[in-house]
$ cat data_0.txt   # compact mmCIF, C-alpha atoms
# COMPACT_ATOMS: atom_id res chain seq x y z
CA MET A 1 112.28 109.82 105.70
CA GLU A 2 114.13 106.96 103.99
CA TRP A 3 110.95 105.28 102.74
CA ILE A 4 109.69 108.48 101.11
CA ALA A 5 113.17 109.27 99.76
CA ARG A 6 113.35 105.91 97.99
CA LEU A 7 109.93 106.45 96.47
CA ASN A 8 111.02 109.86 95.17
CA GLU A 9 114.18 108.29 93.72
CA ALA A 10 111.98 105.82 91.82
CA VAL A 11 109.92 108.72 90.49
CA SER A 12 113.15 110.48 89.43
CA TYR A 13 114.16 107.39 87.45
CA MET A 14 110.82 107.41 85.63
CA GLU A 15 111.00 111.16 85.01
CA ASN A 16 114.46 110.79 83.48
CA ASN A 17 113.14 108.14 81.10
CA LEU A 18 109.82 109.56 79.95
CA ASP A 19 111.21 109.67 76.41
CA LYS A 20 112.57 106.13 76.74
CA GLU A 21 111.33 102.76 77.91
CA ILE A 22 110.43 102.72 81.60
CA SER A 23 110.91 99.52 83.58
CA TYR A 24 108.49 99.30 86.50
CA GLU A 25 110.65 96.46 87.79
CA ARG A 26 113.70 98.76 87.96
CA ALA A 27 111.64 101.51 89.62
CA ALA A 28 110.50 98.96 92.20
CA ARG A 29 114.10 97.91 92.91
CA ILE A 30 114.97 101.57 93.56
CA ALA A 31 112.04 101.73 95.98
CA CYS A 32 113.25 98.45 97.57
CA CYS A 33 110.07 96.46 97.03
CA SER A 34 108.49 94.13 94.50
CA THR A 35 106.94 95.46 91.30
CA PHE A 36 103.53 94.39 92.58
CA HIS A 37 103.93 96.30 95.84
CA PHE A 38 105.45 99.34 94.11
CA ILE A 39 102.56 99.74 91.68
CA ARG A 40 99.98 99.31 94.44
CA MET A 41 101.85 101.60 96.81
CA PHE A 42 102.18 104.34 94.18
CA THR A 43 98.50 104.12 93.26
CA TYR A 44 97.35 104.42 96.87
CA ILE A 45 99.64 107.35 97.67
CA ALA A 46 99.29 109.26 94.40
CA GLY A 47 95.59 108.64 93.98
CA ILE A 48 95.99 107.59 90.32
CA PRO A 49 97.37 104.42 88.72
CA LEU A 50 101.09 104.46 87.96
CA SER A 51 100.52 103.90 84.23
CA GLU A 52 98.14 106.86 84.13
CA TYR A 53 100.70 109.10 85.87
CA VAL A 54 103.36 108.13 83.31
CA ARG A 55 100.90 108.69 80.45
CA ARG A 56 99.96 112.17 81.70
CA ARG A 57 103.58 113.17 82.21
CA ARG A 58 104.58 112.00 78.73
CA LEU A 59 101.69 113.86 77.11
CA THR A 60 102.55 116.96 79.12
CA LEU A 61 106.09 116.91 77.73
CA ALA A 62 104.77 116.09 74.27
CA ALA A 63 102.62 119.24 74.39
CA PHE A 64 105.69 121.30 75.38
CA ASP A 65 107.62 119.89 72.40
CA ILE A 66 104.74 120.53 69.99
CA GLN A 67 104.32 124.15 71.05
CA ARG A 68 108.07 124.74 70.76
CA GLY A 69 107.96 123.26 67.26
CA ASP A 70 110.47 120.65 68.40
CA GLY A 71 110.18 118.22 65.48
CA LYS A 72 107.39 116.63 63.48
CA ILE A 73 104.36 115.39 65.38
CA VAL A 74 105.03 111.82 64.25
CA ASP A 75 108.56 112.06 65.71
CA ILE A 76 107.25 113.49 68.96
CA ALA A 77 104.75 110.64 69.17
CA LEU A 78 107.56 108.11 68.78
CA ARG A 79 109.68 109.98 71.35
CA TYR A 80 107.06 109.38 74.01
CA GLY A 81 106.29 105.76 73.18
CA TYR A 82 103.49 105.99 70.61
CA GLU A 83 104.32 104.00 67.49
CA SER A 84 100.89 104.70 66.01
CA PRO A 85 99.95 108.33 65.16
CA THR A 86 96.32 107.36 65.68
CA ALA A 87 97.02 106.15 69.24
CA PHE A 88 99.00 109.33 69.97
CA ASN A 89 96.22 111.57 68.61
CA ARG A 90 93.63 109.72 70.69
CA ALA A 91 95.67 109.86 73.92
CA PHE A 92 96.62 113.51 73.34
CA HIS A 93 92.98 114.46 72.84
CA VAL A 94 91.93 112.70 76.05
CA VAL A 95 94.43 114.73 78.10
CA HIS A 96 94.41 118.08 76.29
CA GLY A 97 91.00 118.14 74.63
CA MET A 98 92.43 118.77 71.15
CA SER A 99 94.56 117.12 68.50
CA PRO A 100 98.36 117.52 68.42
CA SER A 101 98.13 119.66 65.28
CA GLU A 102 95.63 122.00 66.97
CA ALA A 103 98.04 122.33 69.91
CA ARG A 104 100.52 124.10 67.64
CA ARG A 105 98.27 127.16 67.37
CA ALA A 106 99.25 130.15 69.47
CA GLY A 107 97.01 130.86 72.45
CA VAL A 108 95.45 127.41 72.84
CA VAL A 109 94.85 126.20 76.38
CA LEU A 110 96.70 122.97 77.23
CA LYS A 111 96.90 120.96 80.43
CA ALA A 112 100.12 120.37 82.34
CA HIS A 113 100.48 117.53 84.84
CA PRO A 114 103.56 118.34 86.96
CA ARG A 115 105.95 115.80 88.39
CA MET A 116 104.88 114.28 91.69
CA ILE A 117 107.07 114.69 94.76
CA PHE A 118 106.10 112.67 97.81
CA SER A 119 106.40 114.01 101.34
CA MET A 120 105.07 113.10 104.76
CA ALA A 121 101.80 114.67 105.85
CA ILE A 122 99.81 114.43 109.07
CA THR A 123 96.45 112.84 108.26
CA GLY A 124 93.57 111.03 109.83
CA GLY A 125 94.22 110.33 113.47
CA ALA A 126 91.80 107.39 113.46
CA GLU A 127 93.26 104.32 115.14
CA MET A 128 94.33 101.15 113.36
CA GLN A 129 94.54 97.95 115.38
CA TYR A 130 97.37 95.65 114.35
CA ARG A 131 99.77 93.05 115.67
CA ILE A 132 103.14 91.78 114.42
CA GLU A 133 103.30 87.98 114.19
CA LYS A 134 105.81 85.47 112.90
CA LYS A 135 104.16 82.54 111.18
CA GLU A 136 105.57 79.19 110.19
CA SER A 137 105.11 78.02 106.62
CA PHE A 138 101.69 76.59 105.79
CA THR A 139 99.81 75.30 102.74
CA ILE A 140 96.63 76.70 101.24
CA VAL A 141 94.18 74.82 99.01
CA GLY A 142 91.72 76.40 96.60
CA VAL A 143 91.56 77.95 93.15
CA GLY A 144 94.08 80.27 91.55
CA GLN A 145 94.51 82.48 88.52
CA HIS A 146 97.69 83.79 86.92
CA PHE A 147 97.83 87.44 85.92
CA SER A 148 100.44 88.51 83.39
CA VAL A 149 99.01 91.77 82.07
CA LYS A 150 99.34 95.22 83.62
CA MET A 151 98.76 94.87 87.32
CA GLU A 152 96.53 97.93 87.52
CA GLU A 153 94.13 96.14 85.19
CA CYS A 154 94.46 93.00 87.31
CA PHE A 155 93.31 94.87 90.41
CA GLU A 156 90.01 95.26 88.56
CA GLU A 157 90.06 91.65 87.37
CA VAL A 158 90.55 90.07 90.83
CA PRO A 159 86.99 90.99 92.00
CA LYS A 160 85.69 89.40 88.78
CA PHE A 161 87.63 86.25 89.68
CA TRP A 162 85.91 86.25 93.08
CA GLN A 163 82.53 86.72 91.42
CA ARG A 164 83.07 83.82 89.01
CA THR A 165 84.21 81.57 91.86
CA ILE A 166 81.17 82.44 93.97
CA GLN A 167 78.74 82.01 91.08
CA ALA A 168 80.23 78.60 90.26
CA GLY A 169 79.41 77.42 93.78
CA THR A 170 83.10 76.72 94.48
CA ILE A 171 83.44 78.51 97.84
CA PRO A 172 81.61 75.85 99.94
CA ARG A 173 83.80 73.15 98.38
CA ILE A 174 86.95 75.12 99.22
CA MET A 175 85.78 75.62 102.80
CA GLU A 176 85.60 71.84 103.26
CA TYR A 177 89.43 71.82 103.24
CA LEU A 178 89.76 74.32 106.12
CA ASP A 179 91.36 72.53 109.07
CA ARG A 180 93.94 74.92 110.52
CA GLU A 181 94.68 78.58 111.24
CA PRO A 182 93.84 81.11 109.96
CA GLN A 183 90.21 80.07 110.27
CA GLY A 184 88.77 81.96 107.32
CA LEU A 185 88.54 82.20 103.54
CA LEU A 186 91.76 83.65 102.15
CA GLY A 187 92.56 85.98 99.27
CA VAL A 188 96.28 85.59 98.54
CA CYS A 189 98.60 87.43 96.13
CA GLY A 190 101.67 85.26 95.58
CA ASN A 191 104.47 84.46 93.13
CA MET A 192 105.00 88.17 92.51
CA GLU A 193 107.70 88.31 89.85
CA GLY A 194 108.04 91.31 87.56
CA ASP A 195 104.64 92.14 86.10
CA ASP A 196 103.21 88.71 86.95
CA PHE A 197 101.47 87.37 90.03
CA ASP A 198 99.11 84.58 91.06
CA TYR A 199 95.94 85.18 93.02
CA PHE A 200 94.40 82.43 95.12
CA ILE A 201 91.00 82.03 96.74
CA ALA A 202 91.75 79.33 99.27
CA VAL A 203 91.90 78.10 102.86
CA ALA A 204 94.71 76.91 105.10
CA SER A 205 94.74 73.13 105.02
CA THR A 206 96.79 70.04 105.85
CA ARG A 207 94.94 68.01 103.22
CA LYS A 208 95.98 67.29 99.66
CA ALA A 209 94.13 69.26 97.00
CA GLY A 210 91.56 67.45 94.89
CA ASP A 211 91.67 67.38 91.10
CA SER A 212 89.88 70.71 90.64
CA PHE A 213 91.98 72.62 93.21
CA VAL A 214 95.57 73.78 93.57
CA GLU A 215 98.00 73.96 96.47
CA TYR A 216 100.27 76.88 97.31
CA ARG A 217 102.88 77.05 100.05
CA ILE A 218 102.94 80.23 102.13
CA PRO A 219 106.55 80.73 103.30
CA ALA A 220 107.48 81.36 106.90
CA SER A 221 107.41 85.10 107.37
CA THR A 222 106.53 88.04 109.58
CA TRP A 223 103.22 89.81 109.00
CA ALA A 224 101.68 93.01 110.27
CA ILE A 225 98.09 91.85 110.80
CA PHE A 226 95.43 94.55 110.74
CA GLU A 227 91.86 94.20 111.96
CA CYS A 228 89.21 95.50 109.58
CA ILE A 229 85.65 96.26 110.72
CA GLY A 230 82.90 97.26 108.32
CA PRO A 231 81.03 96.32 105.16
CA MET A 232 82.95 94.89 102.22
CA PRO A 233 84.59 95.86 99.95
CA HIS A 234 84.80 99.51 101.00
CA ALA A 235 86.08 98.89 104.54
CA ILE A 236 89.02 96.74 103.43
CA GLN A 237 89.88 99.03 100.51
CA ASP A 238 90.01 102.02 102.85
CA LEU A 239 92.12 100.09 105.37
CA GLN A 240 94.61 99.02 102.70
CA ARG A 241 94.99 102.62 101.56
CA ARG A 242 95.60 103.77 105.16
CA ILE A 243 98.13 100.99 105.78
CA ILE A 244 100.18 102.12 102.77
CA THR A 245 99.86 105.86 103.24
CA GLU A 246 99.78 106.22 107.04
CA TRP A 247 101.15 103.15 108.83
CA LEU A 248 103.95 101.82 106.62
CA PRO A 249 105.96 105.07 106.18
CA THR A 250 106.35 105.58 109.94
CA SER A 251 106.28 102.00 111.26
CA GLY A 252 109.95 101.05 111.07
CA TYR A 253 108.97 98.22 108.73
CA GLU A 254 109.02 97.74 104.98
CA TYR A 255 107.58 95.22 102.56
CA SER A 256 109.13 91.76 102.58
CA ASN A 257 109.11 89.21 99.79
CA ALA A 258 106.08 87.20 100.85
CA PRO A 259 102.41 86.99 99.82
CA ASP A 260 99.76 89.55 100.73
CA ILE A 261 96.88 87.85 102.52
CA GLU A 262 93.30 88.85 103.28
CA VAL A 263 91.37 86.71 105.79
CA TYR A 264 87.58 86.74 105.50
CA PHE A 265 85.78 85.29 108.52
CA ALA A 266 82.24 83.92 108.61
CA GLY A 267 79.45 86.48 108.81
CA ASP A 268 77.47 89.03 106.83
CA GLN A 269 80.06 90.91 104.77
CA GLN A 270 77.64 93.84 104.32
CA ALA A 271 77.17 94.34 108.07
CA ASN A 272 78.72 97.34 109.81
CA ASP A 273 80.36 95.02 112.36
CA TYR A 274 81.73 92.47 109.87
CA ARG A 275 85.33 91.54 110.76
CA CYS A 276 88.21 90.48 108.51
CA GLU A 277 92.01 90.87 108.52
CA VAL A 278 94.72 92.20 106.21
CA TRP A 279 98.14 90.52 106.48
CA LEU A 280 101.00 92.67 105.21
CA PRO A 281 104.37 90.87 104.83
CA VAL A 282 107.00 92.99 106.56
CA THR A 283 110.61 93.10 107.65
CA ARG A 284 112.35 95.56 109.93
CA LYS A 285 114.16 98.35 108.15
CA SER A 286 117.93 98.06 108.30
CA ASP A 287 119.74 100.91 110.04
$ encode --input "data_0.txt" --output "C-alpha cells"
Amino acid sequence: MEWIARLNEAVSYMENNLDKEISYERAARIACCSTFHFIRMFTYIAGIPLSEYVRRRRLTLAAFDIQRGDGKIVDIALRYGYESPTAFNRAFHVVHGMSPSEARRAGVVLKAHPRMIFSMAITGGAEMQYRIEKKESFTIVGVGQHFSVKMEECFEEVPKFWQRTIQAGTIPRIMEYLDREPQGLLGVCGNMEGDDFDYFIAVASTRKAGDSFVEYRIPASTWAIFECIGPMPHAIQDLQRRIITEWLPTSGYEYSNAPDIEVYFAGDQQANDYRCEVWLPVTRKSD
C-alpha cells in the first residue's frame, strides 16, 4: 500500500546514510508527514524508538567493518557518527557485549540487527469506535512547555510535565476557563516544526488567558476522533498504538498538519469504564 511504501522509502533513505548524517526531517518528508508524527509512527510500528533503530543498525555495520579489518577502529567510529572513541566503545559494548578491539578476534559472537521492512499484517480484530469531524478554529488556555531535544526523550518528559502541573495545583485553575467544546481537559501537541514541538495542558475557552497562562489557537481542521475506554495511561497508549498500526494504514486518510489532541473527561481515570478521546488530525489521501 502507498502508506507502507512511503514508510519503507524513508527507511531506505536512512539505510543509505548510516555512515553519514541522517535528517529525521528529510525522512519525514519522504513519508509525507511531520517529523513529530514520523518518529511516533515509526516507534509504534517498529516497537523500538527510531534513534535506537538507527543506533543498532550503525553498530551492526560497524561490527561488519571491524571483522573485515576495514580500517582503524577510530576511523570506523567516526564513520558511524561517534567522534569520541569512549562513546563508541560504550555503545558497541551495549549492543555486542564486548569492546570493538575484542570483536576483531576470530570466532567471537556478535549481534546483527537487520534492516526493517514494513508490510501489512492482519492483527487484532477488536473494534475501534471513531468518527470523522470537521472543526472550526478555536482557542485553548492553559500551560505549555516547549520541547527542543530528541522527541523520543520528550515522550517520556510529557508525563512529568503533567505530574508537575497536577502537583502545583494548576489543573483546577485551568478548568475555570472551560466554557466551550470540547468539554474536557486537553493534552495538545502543537507547533510541530523539525525536532521541536509545544505541549499544552489546557481547555477550550473564549476567555483571555491570565498572567500565568498561555493561549494557543487550534486551526480549523478535520480530525478522526477515537473513543477510549479504560484506565489511564495504559488504555490511551494502547489505543494510540492501534490507531497508528491498524487504522491509519487502511483508512484512506493520512496525517495532516494540525495538532494532536487528547480529551480527558471528568471521572476516575483509573476506572475500567473511564472515557476519553484521541483526536488525530487527518486529510484524505490524494489519488
$ closest_residue --input "data_0.txt" --among "A:Ala271, A:Tyr53, A:Ser256, A:Ala209" --to "A:Arg173" --atoms "only C-alpha atoms"
A:Ala209
$ closest_residue --input "data_0.txt" --among "A:Gln67, A:Ser119, A:Ser205, A:Ser212" --to "A:Phe138" --atoms "only C-alpha atoms"
A:Ser205
$ residues_around --input "data_0.txt" --residues "stretch 86-100 of chain A" --least-positions-apart "6" --cutoff "6 Å" --atoms "only C-alpha atoms" --output "list of chain:residue names"
A:Ala77, A:Leu110, A:Lys111
$ residues_near_point --input "data_0.txt" --point "(106.3, 113.0, 86.8)" --cutoff "12 Å" --atoms "all atoms listed in the file" --output "JSON, numbers by chain"
{"A": [8, 9, 10, 11, 12, 13, 14, 15, 16, 17, 18, 19, 46, 50, 51, 52, 53, 54, 55, 56, 57, 58, 59, 60, 61, 112, 113, 114, 115, 116, 117, 118]}
$ atom_distance --input "data_0.txt" --atom1 "atom CA of A:Ala103" --atom2 "atom CA of A:Gly47"
27.8 Å
$ closest_residue --input "data_0.txt" --among "A:Phe64, A:Tyr80, A:Asp75, A:Lys208" --to "A:Ile22" --atoms "only C-alpha atoms"
A:Tyr80
$ closest_residue --input "data_0.txt" --among "A:Ile261, A:Met175, A:Ile4, A:Cys33" --to "A:Gly142" --atoms "all atoms listed in the file"
A:Met175
$ closest_residue --input "data_0.txt" --among "A:Arg6, A:Gln145, A:Ser286, A:Tyr130" --to "A:Arg164" --atoms "all atoms listed in the file"
A:Gln145
$ closest_residue --input "data_0.txt" --among "A:Trp279, A:Phe147, A:Trp3, A:Tyr253" --to "A:Leu239" --atoms "all atoms listed in the file"
A:Trp279
$ atom_distance --input "data_0.txt" --atom1 "atom CA of A:Phe197" --atom2 "atom CA of A:Ile243"
21.1 Å
$ residues_around --input "data_0.txt" --residues "A:His146" --least-positions-apart "4" --cutoff "10 Å" --atoms "all atoms listed in the file" --output "count of residues only"
9
$ residues_around --input "data_0.txt" --residues "A:Glu254" --least-positions-apart "6" --cutoff "8 Å" --atoms "only C-alpha atoms" --output "ChimeraX atom specification"
/A:248,282-285
$ atom_distance --input "data_0.txt" --atom1 "atom CA of A:Glu127" --atom2 "atom CA of A:Thr35"
28.9 Å
$ residues_around --input "data_0.txt" --residues "A:Val74" --least-positions-apart "3" --cutoff "9 Å" --atoms "only C-alpha atoms" --output "JSON, numbers by chain"
{"A": [71, 77, 78, 79, 82, 83, 84, 85, 88]}
$ build_atoms --input "data_0.txt" --residues "stretch 94-118 of chain A" --atoms "N, CA and C atoms" --output "PDB file, in the coordinates of the input"
ATOM      1  N   VAL A  94      92.511 113.018  74.739  1.00  0.00           N
ATOM      2  CA  VAL A  94      91.930 112.700  76.050  1.00  0.00           C
ATOM      3  C   VAL A  94      92.487 113.633  77.124  1.00  0.00           C
ATOM      4  N   VAL A  95      93.788 113.901  77.071  1.00  0.00           N
ATOM      5  CA  VAL A  95      94.430 114.730  78.100  1.00  0.00           C
ATOM      6  C   VAL A  95      94.214 116.222  77.834  1.00  0.00           C
ATOM      7  N   HIS A  96      94.385 116.645  76.594  1.00  0.00           N
ATOM      8  CA  HIS A  96      94.410 118.080  76.290  1.00  0.00           C
ATOM      9  C   HIS A  96      93.133 118.609  75.644  1.00  0.00           C
ATOM     10  N   GLY A  97      92.257 117.698  75.218  1.00  0.00           N
ATOM     11  CA  GLY A  97      91.000 118.140  74.630  1.00  0.00           C
ATOM     12  C   GLY A  97      91.124 118.658  73.205  1.00  0.00           C
ATOM     13  N   MET A  98      92.208 118.350  72.540  1.00  0.00           N
ATOM     14  CA  MET A  98      92.430 118.770  71.150  1.00  0.00           C
ATOM     15  C   MET A  98      93.456 117.857  70.524  1.00  0.00           C
ATOM     16  N   SER A  99      93.583 117.942  69.211  1.00  0.00           N
ATOM     17  CA  SER A  99      94.560 117.120  68.500  1.00  0.00           C
ATOM     18  C   SER A  99      95.942 117.741  68.628  1.00  0.00           C
ATOM     19  N   PRO A 100      97.003 116.973  68.384  1.00  0.00           N
ATOM     20  CA  PRO A 100      98.360 117.520  68.420  1.00  0.00           C
ATOM     21  C   PRO A 100      98.553 118.666  67.430  1.00  0.00           C
ATOM     22  N   SER A 101      97.970 118.579  66.253  1.00  0.00           N
ATOM     23  CA  SER A 101      98.130 119.660  65.280  1.00  0.00           C
ATOM     24  C   SER A 101      97.457 120.938  65.762  1.00  0.00           C
ATOM     25  N   GLU A 102      96.297 120.812  66.424  1.00  0.00           N
ATOM     26  CA  GLU A 102      95.630 122.000  66.970  1.00  0.00           C
ATOM     27  C   GLU A 102      96.452 122.626  68.089  1.00  0.00           C
ATOM     28  N   ALA A 103      97.235 121.820  68.793  1.00  0.00           N
ATOM     29  CA  ALA A 103      98.040 122.330  69.910  1.00  0.00           C
ATOM     30  C   ALA A 103      99.158 123.241  69.440  1.00  0.00           C
ATOM     31  N   ARG A 104      99.457 123.252  68.166  1.00  0.00           N
ATOM     32  CA  ARG A 104     100.520 124.100  67.640  1.00  0.00           C
ATOM     33  C   ARG A 104     100.065 125.555  67.486  1.00  0.00           C
ATOM     34  N   ARG A 105      98.757 125.794  67.544  1.00  0.00           N
ATOM     35  CA  ARG A 105      98.270 127.160  67.370  1.00  0.00           C
ATOM     36  C   ARG A 105      98.606 127.999  68.598  1.00  0.00           C
ATOM     37  N   ALA A 106      98.944 129.230  68.369  1.00  0.00           N
ATOM     38  CA  ALA A 106      99.250 130.150  69.470  1.00  0.00           C
ATOM     39  C   ALA A 106      97.981 130.436  70.269  1.00  0.00           C
ATOM     40  N   GLY A 107      98.123 130.477  71.582  1.00  0.00           N
ATOM     41  CA  GLY A 107      97.010 130.860  72.450  1.00  0.00           C
ATOM     42  C   GLY A 107      96.100 129.745  72.878  1.00  0.00           C
ATOM     43  N   VAL A 108      96.322 128.509  72.414  1.00  0.00           N
ATOM     44  CA  VAL A 108      95.450 127.410  72.840  1.00  0.00           C
ATOM     45  C   VAL A 108      95.739 127.057  74.298  1.00  0.00           C
ATOM     46  N   VAL A 109      94.718 126.551  74.966  1.00  0.00           N
ATOM     47  CA  VAL A 109      94.850 126.200  76.380  1.00  0.00           C
ATOM     48  C   VAL A 109      95.136 124.700  76.495  1.00  0.00           C
ATOM     49  N   LEU A 110      96.298 124.365  77.027  1.00  0.00           N
ATOM     50  CA  LEU A 110      96.700 122.970  77.230  1.00  0.00           C
ATOM     51  C   LEU A 110      96.744 122.665  78.720  1.00  0.00           C
ATOM     52  N   LYS A 111      96.858 121.387  79.034  1.00  0.00           N
ATOM     53  CA  LYS A 111      96.900 120.960  80.430  1.00  0.00           C
ATOM     54  C   LYS A 111      98.278 120.407  80.766  1.00  0.00           C
ATOM     55  N   ALA A 112      98.824 120.872  81.868  1.00  0.00           N
ATOM     56  CA  ALA A 112     100.120 120.370  82.340  1.00  0.00           C
ATOM     57  C   ALA A 112      99.903 119.552  83.602  1.00  0.00           C
ATOM     58  N   HIS A 113     100.509 118.382  83.648  1.00  0.00           N
ATOM     59  CA  HIS A 113     100.480 117.530  84.840  1.00  0.00           C
ATOM     60  C   HIS A 113     101.901 117.473  85.387  1.00  0.00           C
ATOM     61  N   PRO A 114     102.191 118.259  86.436  1.00  0.00           N
ATOM     62  CA  PRO A 114     103.560 118.340  86.960  1.00  0.00           C
ATOM     63  C   PRO A 114     104.029 117.031  87.572  1.00  0.00           C
ATOM     64  N   ARG A 115     105.331 116.943  87.710  1.00  0.00           N
ATOM     65  CA  ARG A 115     105.950 115.800  88.390  1.00  0.00           C
ATOM     66  C   ARG A 115     105.464 115.716  89.824  1.00  0.00           C
ATOM     67  N   MET A 116     105.262 114.493  90.299  1.00  0.00           N
ATOM     68  CA  MET A 116     104.880 114.280  91.690  1.00  0.00           C
ATOM     69  C   MET A 116     106.118 114.192  92.562  1.00  0.00           C
ATOM     70  N   ILE A 117     106.049 114.816  93.721  1.00  0.00           N
ATOM     71  CA  ILE A 117     107.070 114.690  94.760  1.00  0.00           C
ATOM     72  C   ILE A 117     106.360 114.295  96.041  1.00  0.00           C
ATOM     73  N   PHE A 118     106.764 113.180  96.623  1.00  0.00           N
ATOM     74  CA  PHE A 118     106.100 112.670  97.810  1.00  0.00           C
ATOM     75  C   PHE A 118     106.751 113.235  99.066  1.00  0.00           C
TER      76      PHE A 118
END
